[in-house]
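Coordinates from entry.tsv are shown below (TSV, C-alpha atoms).
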```
chain	number	residue	atom	x	y	z
A	12	MET	CA	270.54	-246.61	-70.31
A	13	GLY	CA	270.66	-243.83	-67.87
A	14	GLN	CA	267.02	-244.27	-66.98
A	15	HIS	CA	265.87	-246.03	-63.91
A	16	ARG	CA	263.61	-248.92	-64.14
A	17	TYR	CA	260.77	-247.42	-62.07
A	18	GLY	CA	260.50	-244.05	-63.70
A	19	SER	CA	261.94	-240.75	-62.75
A	20	ARG	CA	263.63	-240.49	-59.45
A	21	ARG	CA	261.86	-238.48	-56.69
A	22	HIS	CA	263.88	-235.57	-55.56
A	23	ASP	CA	263.61	-235.22	-51.74
A	24	ASP	CA	265.11	-232.11	-50.27
A	25	GLY	CA	263.72	-232.68	-46.73
A	26	THR	CA	260.91	-230.10	-46.86
A	27	PHE	CA	257.21	-230.70	-46.37
A	28	GLU	CA	254.05	-228.62	-46.26
A	29	LEU	CA	252.17	-228.36	-42.98
A	30	GLN	CA	248.47	-227.36	-43.09
A	31	LEU	CA	247.84	-225.28	-39.94
A	32	THR	CA	244.57	-223.66	-41.00
A	33	SER	CA	242.34	-226.15	-39.19
A	34	MET	CA	244.44	-225.96	-36.02
A	35	ILE	CA	244.25	-222.16	-36.03
A	36	ASP	CA	240.47	-222.36	-36.44
A	37	ILE	CA	240.17	-224.65	-33.42
A	38	PHE	CA	242.34	-222.43	-31.23
A	39	THR	CA	240.41	-219.33	-32.31
A	40	ILE	CA	237.14	-220.91	-31.22
A	41	MET	CA	238.65	-222.12	-27.94
A	42	VAL	CA	240.02	-218.65	-27.12
A	43	PHE	CA	236.61	-217.10	-27.83
A	44	PHE	CA	234.81	-219.45	-25.41
A	45	LEU	CA	237.49	-219.13	-22.74
A	46	LEU	CA	237.28	-215.33	-22.87
A	47	LYS	CA	233.48	-215.44	-22.85
A	48	GLY	CA	233.43	-217.74	-19.83
A	49	PHE	CA	236.02	-215.67	-17.98
A	50	ALA	CA	234.04	-212.48	-18.64
A	51	ALA	CA	230.83	-214.09	-17.37
A	52	VAL	CA	232.51	-215.17	-14.13
A	53	MET	CA	234.15	-211.77	-13.63
A	54	LEU	CA	230.90	-209.91	-14.20
A	55	GLY	CA	229.08	-212.16	-11.78
A	56	LEU	CA	226.74	-213.57	-14.40
A	57	VAL	CA	227.47	-217.13	-13.40
A	58	PHE	CA	226.33	-218.18	-9.97
A	59	LEU	CA	227.36	-221.42	-8.42
A	60	ASP	CA	224.37	-222.71	-6.50
A	61	ALA	CA	225.30	-224.16	-3.17
A	62	GLN	CA	223.28	-227.06	-1.94
A	63	ILE	CA	220.63	-225.97	0.53
A	64	PRO	CA	220.28	-227.74	3.87
A	65	GLN	CA	217.91	-230.70	3.96
A	66	PRO	CA	215.37	-229.08	6.33
A	67	VAL	CA	215.15	-226.06	4.03
A	68	ALA	CA	214.73	-228.33	1.00
A	69	THR	CA	211.97	-230.20	2.82
A	70	ALA	CA	210.16	-226.97	3.73
A	71	LEU	CA	210.55	-225.70	0.16
A	72	GLU	CA	209.11	-228.91	-1.29
A	73	LYS	CA	206.24	-228.84	1.22
A	74	ASP	CA	205.40	-225.28	0.19
A	75	ARG	CA	205.55	-226.19	-3.50
A	76	ASN	CA	203.11	-229.06	-3.00
A	77	LYS	CA	200.46	-226.97	-1.22
A	78	LYS	CA	197.13	-226.88	-3.04
A	79	ASP	CA	195.51	-224.23	-0.86
A	80	ARG	CA	197.76	-221.44	0.31
A	81	ASP	CA	197.32	-219.91	3.75
A	82	ILE	CA	199.68	-217.05	2.91
A	83	VAL	CA	199.78	-215.43	-0.53
A	84	LEU	CA	202.29	-212.72	-1.40
A	85	ASN	CA	201.62	-210.57	-4.46
A	86	VAL	CA	204.03	-208.03	-5.89
A	87	ASP	CA	202.56	-205.51	-8.33
A	88	ILE	CA	205.22	-203.91	-10.53
A	89	GLN	CA	203.64	-200.68	-11.68
A	90	SER	CA	204.72	-198.64	-14.68
A	91	SER	CA	204.72	-195.57	-12.37
A	92	ARG	CA	207.83	-197.19	-10.76
A	93	ASN	CA	205.92	-198.10	-7.58
A	94	LEU	CA	206.09	-201.57	-6.13
A	95	GLU	CA	203.12	-202.77	-4.12
A	96	ILE	CA	203.30	-205.84	-1.92
A	97	ARG	CA	200.00	-207.40	-0.87
A	98	VAL	CA	199.86	-210.09	1.79
A	99	SER	CA	196.77	-212.28	2.09
A	100	VAL	CA	196.35	-214.59	5.08
A	101	ASN	CA	193.62	-217.22	4.82
A	102	GLY	CA	192.06	-215.40	1.85
A	103	ASN	CA	191.82	-212.01	3.59
A	104	ASP	CA	193.96	-209.02	2.63
A	105	ASN	CA	196.13	-208.64	5.68
A	106	GLN	CA	198.76	-206.09	4.69
A	107	ARG	CA	199.61	-203.69	1.87
A	108	ILE	CA	203.08	-202.22	1.53
A	109	LEU	CA	203.73	-199.52	-1.06
A	110	VAL	CA	207.33	-198.88	-2.06
A	111	PRO	CA	207.29	-195.66	-4.08
A	112	GLY	CA	209.79	-195.30	-6.89
A	113	LYS	CA	212.72	-192.90	-6.89
A	114	SER	CA	212.27	-190.44	-9.79
A	115	ASP	CA	212.39	-192.75	-12.84
A	116	SER	CA	213.47	-196.04	-11.19
A	117	PHE	CA	212.30	-198.55	-8.63
A	118	ASP	CA	213.53	-198.30	-5.03
A	119	LEU	CA	214.94	-201.82	-5.03
A	120	ASN	CA	216.84	-201.46	-1.75
A	121	ARG	CA	213.75	-200.53	0.24
A	122	PHE	CA	211.74	-203.18	-1.61
A	123	HIS	CA	214.31	-205.84	-0.72
A	124	ASN	CA	214.24	-204.79	2.94
A	125	GLU	CA	210.43	-205.14	2.99
A	126	ILE	CA	210.72	-208.60	1.39
A	127	VAL	CA	213.26	-209.69	4.03
A	128	ASN	CA	210.92	-208.48	6.79
A	129	LEU	CA	208.06	-210.48	5.27
A	130	LYS	CA	210.28	-213.59	5.04
A	131	GLN	CA	211.09	-213.28	8.72
A	132	LYS	CA	207.38	-213.04	9.46
A	133	TYR	CA	206.44	-215.95	7.12
A	134	PRO	CA	209.54	-218.20	6.99
A	135	GLU	CA	207.72	-221.30	5.69
A	136	THR	CA	206.46	-219.48	2.56
A	137	PHE	CA	208.70	-219.67	-0.52
A	138	ARG	CA	206.37	-218.44	-3.27
A	139	VAL	CA	205.54	-214.96	-4.49
A	140	ASP	CA	203.15	-213.97	-7.28
A	141	VAL	CA	204.50	-211.17	-9.48
A	142	ASN	CA	202.13	-209.00	-11.50
A	143	PRO	CA	204.07	-206.73	-13.87
A	144	GLY	CA	202.35	-203.79	-15.53
A	145	GLU	CA	202.05	-203.71	-19.31
A	146	LYS	CA	204.71	-201.04	-19.81
A	147	VAL	CA	207.26	-202.52	-17.43
A	148	SER	CA	210.35	-203.76	-19.28
A	149	TYR	CA	211.69	-207.30	-19.06
A	150	LYS	CA	214.91	-205.98	-17.49
A	151	GLU	CA	212.95	-204.28	-14.71
A	152	ILE	CA	210.93	-207.43	-14.05
A	153	ILE	CA	214.16	-209.42	-13.69
A	154	GLN	CA	215.59	-206.80	-11.30
A	155	VAL	CA	212.52	-207.11	-9.07
A	156	MET	CA	212.63	-210.92	-9.23
A	157	ASP	CA	216.29	-210.89	-8.18
A	158	GLN	CA	215.34	-208.95	-5.05
A	159	VAL	CA	212.79	-211.53	-3.87
A	160	ARG	CA	214.81	-214.71	-4.41
A	161	ALA	CA	217.75	-214.62	-2.03
A	162	ARG	CA	219.10	-212.92	1.05
A	163	THR	CA	222.25	-210.80	0.80
A	164	PRO	CA	225.09	-211.04	3.35
A	165	LYS	CA	224.10	-207.73	4.97
A	166	ASP	CA	220.47	-208.81	5.51
A	167	PRO	CA	219.29	-210.15	8.86
A	168	LYS	CA	219.38	-213.92	9.12
A	169	VAL	CA	216.26	-215.94	8.30
A	170	PHE	CA	215.50	-219.19	10.10
A	171	ILE	CA	213.00	-221.98	9.59
A	172	THR	CA	212.18	-224.73	12.04
A	173	ASP	CA	213.28	-228.24	11.17
A	174	GLU	CA	210.20	-230.41	11.67
A	175	ALA	CA	212.26	-233.49	12.59
A	176	THR	CA	214.56	-231.95	15.22
A	177	LYS	CA	212.59	-228.77	16.06
A	178	LYS	CA	215.84	-226.79	15.70
A	179	GLN	CA	216.22	-223.49	13.89
A	180	VAL	CA	218.01	-223.77	10.53
A	181	GLU	CA	219.33	-220.75	8.66
A	182	THR	CA	218.34	-220.20	5.03
A	183	ASN	CA	219.54	-217.78	2.38
A	184	LEU	CA	216.38	-218.31	0.36
A	185	LEU	CA	213.64	-215.71	0.51
A	186	PHE	CA	210.99	-216.43	-2.12
A	187	PRO	CA	212.73	-218.43	-4.87
A	188	ASP	CA	209.45	-219.58	-6.47
A	189	VAL	CA	208.28	-216.66	-8.58
A	190	VAL	CA	204.95	-217.09	-10.35
A	191	PHE	CA	203.50	-214.61	-12.82
A	192	GLY	CA	199.96	-213.94	-11.71
A	193	ASN	CA	198.69	-211.85	-14.61
A	194	VAL	CA	200.01	-213.75	-17.63
A	195	MET	CA	197.30	-215.06	-19.92
A	196	GLU	CA	197.66	-218.19	-22.04
A	197	GLY	CA	198.03	-217.54	-25.74
```
Rewrite the structure from the file as structure tokens, please.
Amino acid sequence: MGQHRYGSRRHDDGTFELQLTSMIDIFTIMVFFLLKGFAAVMLGLVFLDAQIPQPVATALEKDRNKKDRDIVLNVDIQSSRNLEIRVSVNGNDNQRILVPGKSDSFDLNRFHNEIVNLKQKYPETFRVDVNPGEKVSYKEIIQVMDQVRARTPKDPKVFITDEATKKQVETNLLFPDVVFGNVMEG
């Protein structure tokens, strides 16, 4: 009668098996995304947009809602590495600025300086039409677009007039609204 009533006795030596595979998978994924995010911040790929002042936002919205444009800025990105800026005032070509390329690249510094000068001349305009050539790469188009969007700290300050208070308000925006002028619908 040495048998127990409920079957064989369970032998418990105090050990158990812990499945850590799923936990390791989760931590591996988390480390990947943390490193990716840290690298993006360190490389400057992530920009934190600061809120723009209300008068600037009002002027930007007013410019976006215009049906007929008094001032039209066109930037032609040529495959010869030249950048041509054309300014039309009231439908008439007013100014042409040619920024010749440097050997096999665009002269983005000079181009940016010309854009800042135009912004100081036309502070209430926030739109630019970009016309890239057929053989201009996507990367080069983005480089040109980056030059027209915002002012850098070393650039001269740009002011617009607040319509409500008639005071000058500083803006870091140059021409944030970039429109492709030569893209055909497919």
TODO: Would you list the contacts of range 67-71 of chain A as a ChimeraX atom specification, taking every protein, DNA or RNA residue within 8 Å and counting only C-alpha atoms, but skipping same-chain residues closer than 3 positions in sequence?
DONE: /A:63-64,74-75,135-137,171,173,180,182
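With all atoms listed in the file as the atoms that count, the residue of A:Met34, A:Val100, A:Ile88, A:Val42 with the shortest distance to Lys132 in chain A is A:Val100.
Reported to one decimal place, the separation of CA of Lys113 in chain A from CA of Ser91 in chain A is 10.1 Å.
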For range 79-120 of chain A against range 146-167 of chain A, with a cut-off of 10 Å and counting all atoms listed in the file, what is the closest atom pair and its distance in Å to one decimal for every residue that makes the cut, ordered by chain and number, as CSV?
```
residue,atom,partner,partner_atom,distance
A:Val86,CA,A:Val155,CA,9.1
A:Ile88,CA,A:Val147,CA,7.3
A:Gln89,CA,A:Val147,CA,7.0
A:Ser90,CA,A:Val147,CA,5.4
A:Ser91,CA,A:Val147,CA,9.0
A:Arg92,CA,A:Val147,CA,8.6
A:Leu94,CA,A:Val155,CA,9.0
A:Ser116,CA,A:Glu151,CA,9.0
A:Phe117,CA,A:Glu151,CA,8.4
A:Asp118,CA,A:Val155,CA,9.7
A:Leu119,CA,A:Val155,CA,7.1
A:Asn120,CA,A:Gln158,CA,8.3
```
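Going from CA of Val83 in chain A over to CA of Pro187 in chain A, you cover 14.0 Å.
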Open item on the list: So that I can see what lies close to Ile82 in chain A, please list as a VMD selection string the residues with an atom at most 9 Å from it, counting all atoms listed in the file and leaving out residues fewer than 4 positions away in the same chain.
Closed with: chain A and resid 98 to 102 133 136
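Taking all atoms listed in the file, the non-local environment of Gln179 in chain A within 10 Å (same-chain residues fewer than 4 positions away omitted) comprises Pro66, Val169, Phe170, Ile171, Thr172, Asp173 and Glu174 of chain A.
Going from CA of Leu84 in chain A to CA of Ala175 in chain A covers 27.0 Å.
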